[in-house]
$ cat model.csv   # CSV, C-alpha atoms
chain,number,residue,atom,x,y,z
A,1,MET,CA,8.2,28.7,-16.3
A,2,ASN,CA,5.5,26.1,-17.1
A,3,GLN,CA,1.7,26.2,-17.5
A,4,SER,CA,1.0,25.0,-14.0
A,5,ASP,CA,3.2,27.8,-12.5
A,6,ILE,CA,1.4,30.4,-14.6
A,7,ALA,CA,-2.0,28.9,-13.6
A,8,LEU,CA,-0.9,29.1,-9.9
A,9,LEU,CA,0.1,32.8,-10.3
A,10,PHE,CA,-3.3,33.6,-11.9
A,11,ASP,CA,-5.2,31.7,-9.2
A,12,TYR,CA,-3.3,33.9,-6.6
A,13,ASN,CA,-3.9,37.0,-8.7
A,14,TYR,CA,-7.7,36.5,-8.7
A,15,TRP,CA,-7.8,35.5,-5.1
A,16,ALA,CA,-6.0,38.7,-4.1
A,17,THR,CA,-8.2,40.8,-6.5
A,18,SER,CA,-11.4,39.3,-5.0
A,19,ARG,CA,-10.2,40.4,-1.5
A,20,VAL,CA,-9.5,43.9,-2.6
A,21,LEU,CA,-12.8,44.1,-4.6
A,22,ALA,CA,-14.7,42.8,-1.5
A,23,ALA,CA,-13.1,45.6,0.6
A,24,ALA,CA,-13.9,48.2,-2.1
A,25,GLN,CA,-17.6,47.1,-2.0
A,26,ARG,CA,-17.8,48.2,1.6
A,27,ALA,CA,-16.7,51.8,0.6
A,28,THR,CA,-19.2,54.3,-0.6
A,29,GLU,CA,-19.1,55.5,-4.3
A,30,ASN,CA,-17.9,58.9,-3.0
A,31,GLU,CA,-15.0,57.2,-1.1
A,32,LEU,CA,-14.1,55.2,-4.2
A,33,GLY,CA,-13.9,58.4,-6.2
A,34,LEU,CA,-11.8,60.5,-3.8
A,35,GLU,CA,-8.7,61.9,-5.3
A,36,THR,CA,-5.5,60.4,-3.9
A,37,SER,CA,-1.8,61.1,-3.8
A,38,LEU,CA,-0.9,57.8,-5.6
A,39,ASN,CA,-0.5,57.2,-9.3
A,40,TRP,CA,-4.3,57.1,-9.8
A,41,GLN,CA,-6.8,59.8,-9.0
A,42,ALA,CA,-9.1,57.4,-7.2
A,43,ILE,CA,-9.4,53.8,-5.9
A,44,GLN,CA,-11.9,52.9,-8.6
A,45,SER,CA,-9.5,54.3,-11.2
A,46,ALA,CA,-6.7,52.1,-9.9
A,47,LEU,CA,-8.9,49.0,-10.0
A,48,ALA,CA,-10.2,49.8,-13.5
A,49,HIS,CA,-6.6,50.2,-14.7
A,50,VAL,CA,-5.7,46.7,-13.4
A,51,LEU,CA,-8.7,45.3,-15.2
A,52,GLY,CA,-7.9,47.2,-18.4
A,53,ALA,CA,-4.3,46.0,-18.4
A,54,GLU,CA,-5.3,42.4,-17.8
A,55,ARG,CA,-7.8,42.6,-20.7
A,56,ILE,CA,-5.5,44.3,-23.2
A,57,TRP,CA,-2.7,41.8,-22.5
A,58,ARG,CA,-5.0,38.8,-22.8
A,59,VAL,CA,-6.4,40.1,-26.1
A,60,ARG,CA,-2.9,40.7,-27.4
A,61,CYS,CA,-1.7,37.2,-26.5
A,62,GLN,CA,-4.8,35.2,-27.2
A,63,GLU,CA,-6.4,37.0,-30.1
A,64,ARG,CA,-3.2,38.5,-31.5
A,65,HIS,CA,-5.0,41.8,-31.7
A,66,SER,CA,-3.7,45.0,-30.0
A,67,PRO,CA,-6.5,47.3,-28.8
A,68,SER,CA,-5.5,50.9,-29.2
A,69,GLU,CA,-6.6,51.9,-25.6
A,70,LEU,CA,-7.3,50.6,-22.2
A,71,ILE,CA,-10.7,50.5,-20.6
A,72,THR,CA,-10.8,53.0,-17.7
A,73,ALA,CA,-13.0,53.9,-14.8
A,74,ALA,CA,-15.0,56.0,-17.2
A,75,ASN,CA,-16.3,52.8,-18.7
A,76,PHE,CA,-18.1,51.9,-15.5
A,77,ALA,CA,-20.9,53.8,-13.8
A,78,THR,CA,-20.4,51.9,-10.6
A,79,LEU,CA,-18.0,49.6,-8.8
A,80,GLN,CA,-20.6,46.8,-9.3
A,81,ASP,CA,-20.4,47.3,-13.1
A,82,LEU,CA,-16.6,47.1,-12.8
A,83,CYS,CA,-16.9,43.9,-10.7
A,84,ARG,CA,-19.2,42.3,-13.3
A,85,ARG,CA,-16.8,43.1,-16.1
A,86,TRP,CA,-13.9,41.7,-14.0
A,87,ASP,CA,-15.7,38.5,-13.5
A,88,GLU,CA,-16.1,38.1,-17.3
A,89,GLU,CA,-12.4,38.9,-17.8
A,90,GLU,CA,-11.3,36.5,-15.1
A,91,GLN,CA,-13.2,33.7,-16.8
A,92,ALA,CA,-11.7,34.5,-20.2
A,93,MET,CA,-8.2,34.7,-18.8
A,94,ARG,CA,-8.5,31.5,-16.8
A,95,ALA,CA,-9.8,29.7,-19.8
A,96,TYR,CA,-6.9,31.1,-21.9
A,97,VAL,CA,-4.3,30.2,-19.3
A,98,ALA,CA,-5.7,26.7,-18.8
A,99,GLY,CA,-5.4,26.0,-22.5
A,100,LEU,CA,-1.8,27.0,-22.8
A,101,THR,CA,1.1,24.5,-23.3
A,102,ASP,CA,4.5,24.8,-21.8
A,103,ALA,CA,5.9,25.2,-25.4
A,104,GLU,CA,3.5,28.1,-26.1
A,105,LEU,CA,4.7,29.9,-23.0
A,106,GLY,CA,8.2,30.2,-24.6
A,107,SER,CA,6.8,31.7,-27.8
A,108,LEU,CA,7.3,35.3,-28.8
A,109,ILE,CA,4.1,37.5,-28.9
A,110,PRO,CA,4.2,40.4,-31.3
A,111,TYR,CA,2.0,43.4,-30.3
A,112,THR,CA,1.5,47.1,-30.8
A,113,THR,CA,1.5,49.3,-27.8
A,114,THR,CA,-1.3,51.9,-27.2
A,115,GLN,CA,1.3,54.4,-28.4
A,116,GLY,CA,1.6,52.6,-31.7
A,117,MET,CA,5.1,51.0,-31.2
A,118,SER,CA,5.7,47.5,-32.4
A,119,MET,CA,7.0,45.2,-29.7
A,120,GLN,CA,7.4,41.5,-28.9
A,121,ARG,CA,7.9,39.6,-25.7
A,122,LEU,CA,7.9,36.0,-24.5
A,123,LEU,CA,4.4,34.9,-23.5
A,124,TRP,CA,5.4,33.8,-20.0
A,125,HIS,CA,7.1,37.2,-19.4
A,126,ILE,CA,3.9,38.9,-20.4
A,127,LEU,CA,1.8,36.7,-18.2
A,128,VAL,CA,4.1,37.2,-15.2
A,129,HIS,CA,4.0,41.0,-15.9
A,130,VAL,CA,0.2,40.9,-15.8
A,131,VAL,CA,0.2,39.4,-12.3
A,132,ASN,CA,3.0,41.6,-11.1
A,133,HIS,CA,1.3,44.7,-12.4
A,134,GLY,CA,-1.9,43.7,-10.7
A,135,THR,CA,0.1,43.3,-7.4
A,136,GLN,CA,1.4,46.8,-7.6
A,137,HIS,CA,-1.9,48.5,-8.2
A,138,ARG,CA,-3.9,46.2,-5.9
A,139,ALA,CA,-1.5,47.2,-3.1
A,140,GLU,CA,-2.1,50.9,-3.8
A,141,ALA,CA,-5.9,50.3,-3.7
A,142,ALA,CA,-5.5,48.2,-0.6
A,143,LEU,CA,-3.6,50.9,1.2
A,144,LEU,CA,-6.2,53.5,0.3
A,145,LEU,CA,-9.0,51.2,1.4
A,146,THR,CA,-7.2,50.5,4.7
A,147,GLU,CA,-6.9,54.2,5.3
A,148,LEU,CA,-10.6,54.5,4.9
A,149,GLY,CA,-11.2,51.6,7.3
A,150,TYR,CA,-11.9,48.9,4.7
A,151,SER,CA,-8.7,46.8,4.8
A,152,PRO,CA,-8.8,43.8,2.5
A,153,GLY,CA,-6.4,42.0,4.9
A,154,ASP,CA,-3.2,40.4,3.8
A,155,VAL,CA,-2.9,39.7,0.1
A,156,ASP,CA,0.5,38.1,0.0
A,157,LEU,CA,1.2,35.0,-2.1
A,158,THR,CA,2.3,33.2,1.0
A,159,VAL,CA,-1.0,33.9,2.7
A,160,TYR,CA,-2.8,32.5,-0.4
A,161,LEU,CA,-0.6,29.4,-0.4
A,162,ALA,CA,-1.2,28.8,3.3
A,163,GLU,CA,-5.0,29.2,2.8
A,164,ARG,CA,-4.9,26.9,-0.2
A,165,GLY,CA,-3.1,24.2,1.8

$ encode --input "model.csv" --output "structure tokens"
Amino acid sequence: MNQSDIALLFDYNYWATSRVLAAAQRATENELGLETSLNWQAIQSALAHVLGAERIWRVRCQERHSPSELITAANFATLQDLCRRWDEEEQAMRAYVAGLTDAELGSLIPYTTTQGMSMQRLLWHILVHVVNHGTQHRAEAALLLTELGYSPGDVDLTVYLAERG
């Protein structure tokens, strides 16, 4: 895995996220808070979880600091607040990824989990995990939004690549 591959995955990641967030913005605050049968109690909770995970992994990798907890939906009064915070995190992650070298992607990153366990992983494995994790929970949110009549449309990597040319 090289830096340009990772950058492409994060471009896709944020393209897909923007489609889901745009669909979520068409829903009411009540709809975003409806309890669901999926892993997360509500659409906004699933979206906040993805944001929280992206942030915690970036901080672990870039700053070599392991926050003790994820940000959650409770950190945001509205979806607009979550979207503003996501814009900030996207800028921070894109800047971090843009500055990485191929050699750095092969380095081991030590971190502490939110449960206090010491771990280490290759940087490129962590970054691919961040994108893959986002894909899972965006898909859950997209399904719920579609059921409410607010489909974000296709968010597949191949659709992104076709649109990108």

$ atom_distance --input "model.csv" --atom1 "atom CA of Thr114 of chain A" --atom2 "atom CA of Leu82 of chain A"
21.6 Å

$ closest_residue --input "model.csv" --among "A:Ala48, A:Cys61, A:Leu100, A:Ile56" --to "Asp5 of chain A" --atoms "only C-alpha atoms"
A:Leu100

$ residues_around --input "model.csv" --residues "Arg121 of chain A" --least-positions-apart "4" --cutoff "9 Å" --atoms "all atoms listed in the file" --output "list in words"
Ser107, Leu108, Ile109, Pro110, Tyr111, His125 and Ile126 of chain A

$ write_last_selection --input "model.csv" --atoms "C-alpha atoms" --output "short mmCIF file (atom, residue, chain, number, x, y, z; two decimals), in the coordinates of the input"
data_model
loop_
_atom_site.label_atom_id
_atom_site.label_comp_id
_atom_site.auth_asym_id
_atom_site.auth_seq_id
_atom_site.Cartn_x
_atom_site.Cartn_y
_atom_site.Cartn_z
CA SER A 107 6.80 31.70 -27.80
CA LEU A 108 7.30 35.30 -28.80
CA ILE A 109 4.10 37.50 -28.90
CA PRO A 110 4.20 40.40 -31.30
CA TYR A 111 2.00 43.40 -30.30
CA HIS A 125 7.10 37.20 -19.40
CA ILE A 126 3.90 38.90 -20.40
#

$ closest_residue --input "model.csv" --among "A:Glu147, A:Asp154, A:Asp81, A:Asp102" --to "Thr36 of chain A" --atoms "only C-alpha atoms"
A:Glu147

$ residues_around --input "model.csv" --residues "segment 14-16 of chain A" --least-positions-apart "4" --cutoff "10 Å" --atoms "all atoms listed in the file" --output "list in words"
Leu9, Phe10, Val20, Leu21, Ala22, Trp86, Asp87, Glu90, Arg94, Val131, Gly134, Thr135, Arg138, Ala139, Pro152, Gly153, Asp154, Val155, Asp156, Leu157, Val159 and Tyr160 of chain A

$ atom_distance --input "model.csv" --atom1 "atom CA of Asp11 of chain A" --atom2 "atom CA of Leu32 of chain A"
25.6 Å

$ closest_residue --input "model.csv" --among "A:Ala98, A:Leu51, A:Ala142, A:Val130" --to "Arg84 of chain A" --atoms "all atoms listed in the file"
A:Leu51

$ atom_distance --input "model.csv" --atom1 "atom CA of Gln3 of chain A" --atom2 "atom CA of Tyr96 of chain A"
10.8 Å

$ closest_residue --input "model.csv" --among "A:Ala141, A:Ala92, A:Ile6, A:Ala27" --to "Val50 of chain A" --atoms "all atoms listed in the file"
A:Ala141

$ closest_residue --input "model.csv" --among "A:Asn2, A:Thr78, A:Thr113, A:Ser151" --to "Ala23 of chain A" --atoms "only C-alpha atoms"
A:Ser151

$ closest_residue --input "model.csv" --among "A:Gly106, A:Gln62, A:His137, A:Glu54" --to "Leu122 of chain A" --atoms "all atoms listed in the file"
A:Gly106

$ residues_around --input "model.csv" --residues "Ala73 of chain A" --least-positions-apart "5" --cutoff "10 Å" --atoms "all atoms listed in the file" --output "PyMOL selection string"
chain A and resi 33+42-49+51-52+78-79+82

$ write_last_selection --input "model.csv" --atoms "C-alpha atoms" --output "CSV table (one decimal), in the frame of the given file"
chain,number,residue,atom,x,y,z
A,33,GLY,CA,-13.9,58.4,-6.2
A,42,ALA,CA,-9.1,57.4,-7.2
A,43,ILE,CA,-9.4,53.8,-5.9
A,44,GLN,CA,-11.9,52.9,-8.6
A,45,SER,CA,-9.5,54.3,-11.2
A,46,ALA,CA,-6.7,52.1,-9.9
A,47,LEU,CA,-8.9,49.0,-10.0
A,48,ALA,CA,-10.2,49.8,-13.5
A,49,HIS,CA,-6.6,50.2,-14.7
A,51,LEU,CA,-8.7,45.3,-15.2
A,52,GLY,CA,-7.9,47.2,-18.4
A,78,THR,CA,-20.4,51.9,-10.6
A,79,LEU,CA,-18.0,49.6,-8.8
A,82,LEU,CA,-16.6,47.1,-12.8
